[in-house]
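Okay, structure first, notes after.
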Amino acid sequence: MPPQLTRLDDATVAEIAAGEVISRPARVVSELIDNALDAGANRIDVAVDGDGTEQIRLKDDGHGLSRSDAGLAVQRHTTSKLPADAGASLTAVSTLGFRGEALAAICDCATVEISTNDGDAVGTKLRVENGEPTVADAARGQGTTVTVTDLFADRPARRESLSGPAAEFSRISDRVAAYALAQPDVGFSLRHDGAKTFSTPGGGLRDALLGVYDADVARNATVVEHATDIDIKDGTGSFDLRGILTYPSVTRSTRDHVRVSVAGRPVSDSGLRQAVIDGYGSLLPGDQFPIAAVDIEPPTGAVDPNVHPAKQRVGLRYRDDIEAAVETAVSGALSTADARRVEAAAT
Ligand code: ADP
Ligand code: MG
């Protein structure tokens, strides 16, 4: 059963670093993927036309929404992920979203159609155009499809600040790849102007790497799994890391392919990324970087979930210890006999 939606009270809204701004199409894609994952989806299919302002469509097989909840979901500060009076007790958030703002913010700057079914005989199609909602029946099974068209149609300045179809789509593609690798048990697919960009089967890390890259990359990669205790304020906390790393024989000329996620949420955090690279030590050829996807699960209470999602760096307590643990785990995984064998074969 889908959880109940409520409207957050003013005190809670003041607490959650609210004020969602949709800056570019890739941001829409991230928010819609967060929602699909929070709905428990096993498959997420993304289709993009042009630079994404023309159309973004995201289909999931999650728990779906009832008709009345669909109407609530597009309003501001309505969420099923926090109690209405959560106030300052935000540390226990386990979902990717919780502000109840994303859909409202997207509806502010685009035409949105949500076709959804929470297991009823008849589904719901909710269309919001110029802020006006209309509701109709939809023939579809359980899950949700969100179609966003004419993004920024009435915001010429924002449209002009975009970097063109190739660059905007590459940002989107990078986001979807990051989620596919951070959530390897969920299947993802991405299409651009009708053509398949990549897909992953939801069958674990190596298959995800194979889907996003190719057989050569997937073959020359090792899985790292590492659990350790690190010292925190009131004693020790458990730190878990899981990921996949290419051997130093398979590299790229930018660090963009070194991806880190925190509890399944892709983050763009230069410190954590550098910790992965540092784990390779002197194994990497000059000016070359590995392909890596590392998910970390820091000790309870070490992550501040209330850093605004548009902010790049994660709010991490014990950051130095966590970065050191990441470096140790990566260098440990690469020092196995298997890695040395591949390295020797490559020279
Ligand atoms: P938040 O994710 O912060 O709660 P959103 O505006 O992104 O806020 O979504 C509002 C609510 O709409 C969510 O709390 C959820 O209950 C519902 N919702 C949004 N997208 C989906 C989806 N794909 N499947 C099921 N429910 C959804
Ligand atoms: Mg959301």
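Starting from 1 in every chain, residues are counted up; chains themselves are A, B, ... following the order of the structure tokens, and ligands are numbered from 1 as listed.
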Protein and nucleic residues near ligand 2, 8 Å, only C-alpha atoms and all ligand atoms, as a list in words: Glu31, Leu32, Asp34, Asn35, Asp38, Leu96, Gly97, Phe98, Arg99, Gly100, Glu101, Ala102 and Leu103 of chain A
Who sits within 6 Å of Val148 (chain A), only C-alpha atoms, same chain under 5 positions skipped, as a PyMOL selection string: chain A and resi 55-56+111-112
Closest contacts (chain A/ligand 1, max 8 Å, only C-alpha atoms and all ligand atoms) as a tab-separated table:
```
residue	atom	partner	partner_atom_place_in_ligand_line	distance
A:Pro2	CA	ligand 1	25 (C)	7.4
A:Pro3	CA	ligand 1	16 (O)	6.8
A:Gln4	CA	ligand 1	16 (O)	7.1
A:Leu5	CA	ligand 1	16 (O)	5.7
A:Glu31	CA	ligand 1	7 (O)	6.3
A:Leu32	CA	ligand 1	23 (N)	6.6
A:Ile33	CA	ligand 1	23 (N)	7.7
A:Asp34	CA	ligand 1	2 (O)	7.0
A:Asn35	CA	ligand 1	20 (N)	4.4
A:Ala36	CA	ligand 1	23 (N)	4.1
A:Leu37	CA	ligand 1	23 (N)	7.7
A:Asp38	CA	ligand 1	24 (N)	7.3
A:Ala39	CA	ligand 1	24 (N)	4.8
A:Lys59	CA	ligand 1	23 (N)	7.8
A:Asp60	CA	ligand 1	23 (N)	6.4
A:Gly62	CA	ligand 1	24 (N)	5.7
A:His63	CA	ligand 1	25 (C)	5.6
A:Gly64	CA	ligand 1	25 (C)	4.2
A:Leu65	CA	ligand 1	25 (C)	5.3
A:Asp69	CA	ligand 1	16 (O)	7.3
A:Ala70	CA	ligand 1	12 (O)	6.8
A:Leu72	CA	ligand 1	12 (O)	7.4
A:Ala73	CA	ligand 1	12 (O)	4.0
A:Val74	CA	ligand 1	6 (O)	6.1
A:Gln75	CA	ligand 1	6 (O)	7.4
A:Arg76	CA	ligand 1	6 (O)	7.0
A:His77	CA	ligand 1	8 (O)	7.2
A:Thr78	CA	ligand 1	10 (C)	5.8
A:Thr79	CA	ligand 1	14 (O)	3.5
A:Ser80	CA	ligand 1	14 (O)	4.0
A:Lys81	CA	ligand 1	14 (O)	5.4
A:Leu82	CA	ligand 1	4 (O)	7.7
A:Leu96	CA	ligand 1	2 (O)	7.0
A:Gly97	CA	ligand 1	3 (O)	3.8
A:Phe98	CA	ligand 1	3 (O)	3.5
A:Arg99	CA	ligand 1	3 (O)	3.8
A:Gly100	CA	ligand 1	8 (O)	3.1
A:Glu101	CA	ligand 1	6 (O)	4.2
A:Ala102	CA	ligand 1	6 (O)	3.8
A:Leu103	CA	ligand 1	6 (O)	3.8
A:Ala104	CA	ligand 1	6 (O)	5.7
A:Ala105	CA	ligand 1	6 (O)	7.6
A:Thr116	CA	ligand 1	24 (N)	7.6
A:Gly143	CA	ligand 1	24 (N)	6.5
A:Thr144	CA	ligand 1	23 (N)	5.1
A:Thr145	CA	ligand 1	23 (N)	6.9
A:Val146	CA	ligand 1	23 (N)	7.2
```
Selected residue, from A:Ala333, A:Ala84, A:Ile44, A:Met1, that lies nearest to Gly119 (chain A) when counting only C-alpha atoms: A:Met1
All alpha helix (DSSP H) residues (DSSP, backbone) inside region 241-322 of chain A, as a count of residues only: 14
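What separates CA of Gly187 (chain A) from CA of Thr200 (chain A) is a distance of 5.2 Å.
Taking CA of Glu132 (chain A) and CA of Ser161 (chain A) as endpoints, the distance between them is 27.0 Å.
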Nearest to Ala14 (chain A), chosen from A:Ala178, A:Ala86, A:Ile114, A:Val48, with only C-alpha atoms counted in the distances: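 Checking each candidate against Ala14 (chain A), we get A:Ala86 as the closest.
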Among the residues A:Thr6, A:Ser66, A:Ser268, A:Ser170, the one that comes closest to Ala138 (chain A) [using only C-alpha atoms]: A:Ser66
Which of region 19-49 of chain A DSSP labels strand (DSSP E), written as a VMD selection string: chain A and resid 43 to 49
Selection near region 241-251 of chain A, 9 Å with only C-alpha atoms, sequence-local residues under 3 positions removed, as a PyMOL selection string: chain A and resi 181-182+205-206+209+216-228+254+257-258+260+280+283-285+288-298+325-326+329-330+333-334+339-340+342-343+345-347
Residue contacts of Pro133 (chain A) (10 Å, only C-alpha atoms) excluding same-chain residues fewer than 5 positions away, as a PyMOL selection string: chain A and resi 71+74+107+112-113+126-128
Shortest interatomic distance to Val135 (chain A) - which of A:Arg259, A:Leu316, A:Asp154, A:Ser115, counting only C-alpha atoms: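 Checking each candidate against Val135 (chain A), we get A:Ser115 as the closest.
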